Amino acid sequence: MNVALADHLLTTTRSVRKRLDLRRPVDPALIERAIEVALQAPTGSNSQGWHFVVVTDAEKRAGLGALYKRAWDLYASGKLPARAELPPDDPRAKQLPRIIESAAYLAEHLHEVPVHVIPCVEGRVENAGALAQASVYGSILPAVWSFMLALRARGLGSAWTTLHILYEHEAAALLGLPPTMTQAALLPVAHYTGAEFKPAKRLPARTQTHWNAWGKRR
Ligand SMILES: Cc1cc2nc3c(=O)[nH]c(=O)nc-3n(C[C@H](O)[C@H](O)[C@H](O)COP(=O)(O)O)c2cc1C
């Protein structure tokens, strides 16, 4: 195992929005191979209830782009629950303007991104308890991240997005999804432009790690 290479992939796979190449076509074989890699991820009770809905049809991408833009407009105007205010010196607060600018760009251009991928999982948990929720979402989200990593290793960028799920029923109708299916995300996929990506500034592992009891450091 090349640890340095693995760590590089894991620490530099960023949300790619403005650097998605909207003109360069994507070979479907690259998407298929990345899905094969992703399906090595764990699932609860080995359920493997995962599905990757790959959308290249321009009309369908326009439909998804319109749903996403509607949700983005609500989010940007503060009409969706947002996270708590952060002190201005918090690294997350400093990153926010850049992320918002990048996310606004994606909302304007999503329909132009050559491939949209909606990872889905069998089962609905809106009325279920914490164990069922953790099990169902936990049986698709590791595969989604593996998919993004596998894309990145092949020169393809993506960004984890969830906003269109506000209109999940419209998206399900557009794509003919069965009513038992849960949509986990919408990943815009394209070749990326420019060179390398860098690790992001994150909260330190020390303050986010608890040894044996909450708040106990090693
Ligand atoms: C659960 C989840 C939902 C997200 N939803 C969106 C979204 O709807 N739109 C978007 O542009 N980015 C979305 N993101 C991406 C985050 O904004 C991004 O991961 C964060 O800003 C850190 O940037 P990085 O991924 O480049 O490190 C989401 C990420 C996660 C994990």
# chains A, B, ... in the order shown; residues from 1 in each chain; ligands from 1
>>> residues_near_ligand(ligand="ligand 1", cutoff="10 Å", atoms="only C-alpha atoms and all ligand atoms", output="ChimeraX atom specification")
/A:11-17,68,71-72,75,92,95-96,98-107,110,141,145,158-166,184-188,197-202
>>> closest_atom_pairs(of="stretch 49-96 of chain A", to="stretch 120-125 of chain A", cutoff="7 Å", atoms="only C-alpha atoms", output="CSV")
residue,atom,partner,partner_atom,distance
A:Gly49,CA,A:Glu122,CA,5.2
A:Trp50,CA,A:Val121,CA,4.6
A:His51,CA,A:Cys120,CA,5.1
A:Phe52,CA,A:Cys120,CA,6.1
>>> write_last_selection(atoms="N, CA, C and O atoms", output="JSON list (two decimals), in the first residue's frame")
[["chain", "number", "residue", "atom", "x", "y", "z"],
["A", 49, "GLY", "N", -28.33, -2.35, -1.12],
["A", 49, "GLY", "CA", -29.52, -1.78, -1.77],
["A", 49, "GLY", "C", -29.23, -0.49, -2.52],
["A", 49, "GLY", "O", -30.06, 0.40, -2.61],
["A", 50, "TRP", "N", -28.07, -0.39, -3.07],
["A", 50, "TRP", "CA", -27.63, 0.86, -3.70],
["A", 50, "TRP", "C", -27.91, 0.91, -5.18],
["A", 50, "TRP", "O", -27.91, -0.11, -5.88],
["A", 51, "HIS", "N", -28.11, 2.10, -5.68],
["A", 51, "HIS", "CA", -28.31, 2.33, -7.11],
["A", 51, "HIS", "C", -27.66, 3.67, -7.45],
["A", 51, "HIS", "O", -27.77, 4.62, -6.67],
["A", 52, "PHE", "N", -27.03, 3.74, -8.60],
["A", 52, "PHE", "CA", -26.45, 5.00, -9.07],
["A", 52, "PHE", "C", -27.19, 5.40, -10.35],
["A", 52, "PHE", "O", -27.08, 4.71, -11.36]]
>>> closest_atom_pairs(of="stretch 32-137 of chain A", to="stretch 148-153 of chain A", cutoff="9 Å", atoms="only C-alpha atoms", output="Markdown table")
| residue | atom | partner | partner_atom | distance |
| --- | --- | --- | --- | --- |
| A:Arg33 | CA | A:Ala150 | CA | 8.3 |
| A:Ala34 | CA | A:Ala150 | CA | 5.2 |
| A:Ile35 | CA | A:Ala150 | CA | 8.2 |
| A:Val37 | CA | A:Ala150 | CA | 6.8 |
| A:Ala38 | CA | A:Ala150 | CA | 7.4 |
>>> residues_around(residues="A:Glu59", least_positions_apart="4", cutoff="12 Å", atoms="only C-alpha atoms", output="PDB file with N, CA and C atoms, in the first residue's frame")
ATOM      1  N   VAL A  55     -27.240  10.484 -15.155  1.00  0.00           N
ATOM      2  CA  VAL A  55     -28.078  11.286 -16.050  1.00  0.00           C
ATOM      3  C   VAL A  55     -27.182  12.068 -17.011  1.00  0.00           C
ATOM      4  N   GLY A  63     -33.891  19.692 -16.193  1.00  0.00           N
ATOM      5  CA  GLY A  63     -34.928  19.555 -15.163  1.00  0.00           C
ATOM      6  C   GLY A  63     -34.328  19.518 -13.768  1.00  0.00           C
ATOM      7  N   LEU A  64     -33.264  18.729 -13.615  1.00  0.00           N
ATOM      8  CA  LEU A  64     -32.607  18.650 -12.296  1.00  0.00           C
ATOM      9  C   LEU A  64     -31.968  19.991 -11.935  1.00  0.00           C
ATOM     10  N   GLY A  65     -31.369  20.643 -12.950  1.00  0.00           N
ATOM     11  CA  GLY A  65     -30.746  21.945 -12.717  1.00  0.00           C
ATOM     12  C   GLY A  65     -31.769  22.965 -12.237  1.00  0.00           C
ATOM     13  N   ALA A  66     -32.975  22.906 -12.800  1.00  0.00           N
ATOM     14  CA  ALA A  66     -34.025  23.861 -12.406  1.00  0.00           C
ATOM     15  C   ALA A  66     -34.480  23.595 -10.968  1.00  0.00           C
ATOM     16  N   HIS A 111     -27.025  22.554 -14.924  1.00  0.00           N
ATOM     17  CA  HIS A 111     -27.588  21.898 -16.115  1.00  0.00           C
ATOM     18  C   HIS A 111     -26.544  21.696 -17.212  1.00  0.00           C
ATOM     19  N   GLU A 112     -25.448  22.483 -17.169  1.00  0.00           N
ATOM     20  CA  GLU A 112     -24.404  22.371 -18.203  1.00  0.00           C
ATOM     21  C   GLU A 112     -23.369  21.305 -17.877  1.00  0.00           C
ATOM     22  N   PRO A 114     -21.795  17.877 -17.704  1.00  0.00           N
ATOM     23  CA  PRO A 114     -22.158  16.798 -18.629  1.00  0.00           C
ATOM     24  C   PRO A 114     -22.805  15.563 -17.990  1.00  0.00           C
ATOM     25  N   HIS A 116     -24.759  14.033 -14.397  1.00  0.00           N
ATOM     26  CA  HIS A 116     -25.274  14.129 -13.022  1.00  0.00           C
ATOM     27  C   HIS A 116     -25.415  12.697 -12.508  1.00  0.00           C
ATOM     28  N   LEU A 174     -39.179  12.775 -12.535  1.00  0.00           N
ATOM     29  CA  LEU A 174     -38.382  13.038 -13.746  1.00  0.00           C
ATOM     30  C   LEU A 174     -37.588  11.804 -14.166  1.00  0.00           C
ATOM     31  N   LEU A 175     -37.109  11.039 -13.175  1.00  0.00           N
ATOM     32  CA  LEU A 175     -36.210   9.907 -13.456  1.00  0.00           C
ATOM     33  C   LEU A 175     -36.909   8.554 -13.322  1.00  0.00           C
TER      34      LEU A 175
END
>>> closest_residue(among="A:Ala58, A:Leu74, A:Leu22, A:Ile118", to="A:Leu177", atoms="only C-alpha atoms")
A:Ile118
>>> select_by_dssp(residues="stretch 14-204 of chain A", states="alpha helix (DSSP H)", output="PyMOL selection string")
chain A and resi 28-38+58-76+91-109+130-137+141-153+168-175
>>> closest_residue(among="A:Pro178, A:Gly78, A:Pro28, A:Pro91", to="A:Leu203", atoms="only C-alpha atoms")
A:Pro91
>>> atom_distance(atom1="atom CA of A:Arg218", atom2="atom CA of A:Ala4")
25.3 Å
>>> atom_distance(atom1="atom CA of A:Gly138", atom2="atom CA of A:Asn46")
11.4 Å
>>> select_by_dssp(residues="stretch 7-57 of chain A", states="strand (DSSP E or B)", output="ChimeraX atom specification")
/A:20,50-55
>>> write_last_selection(atoms="C-alpha atoms", output="PDB file, in the first residue's frame")
ATOM      1  CA  LEU A  20     -15.746  21.456 -13.747  1.00  0.00           C
ATOM      2  CA  TRP A  50     -27.628   0.860  -3.696  1.00  0.00           C
ATOM      3  CA  HIS A  51     -28.307   2.331  -7.111  1.00  0.00           C
ATOM      4  CA  PHE A  52     -26.449   5.003  -9.069  1.00  0.00           C
ATOM      5  CA  VAL A  53     -28.725   6.907 -11.450  1.00  0.00           C
ATOM      6  CA  VAL A  54     -26.491   8.434 -14.135  1.00  0.00           C
ATOM      7  CA  VAL A  55     -28.078  11.286 -16.050  1.00  0.00           C
TER       8      VAL A  55
END
>>> atom_distance(atom1="atom CA of A:Leu39", atom2="atom CA of A:Ala143")
6.1 Å
>>> closest_residue(among="A:Ala195, A:Leu67, A:Pro87, A:Glu126", to="A:Tyr167", atoms="only C-alpha atoms")
A:Leu67
>>> closest_residue(among="A:Ser135, A:Leu9, A:Val26, A:Thr182", to="A:Pro119", atoms="only C-alpha atoms")
A:Thr182
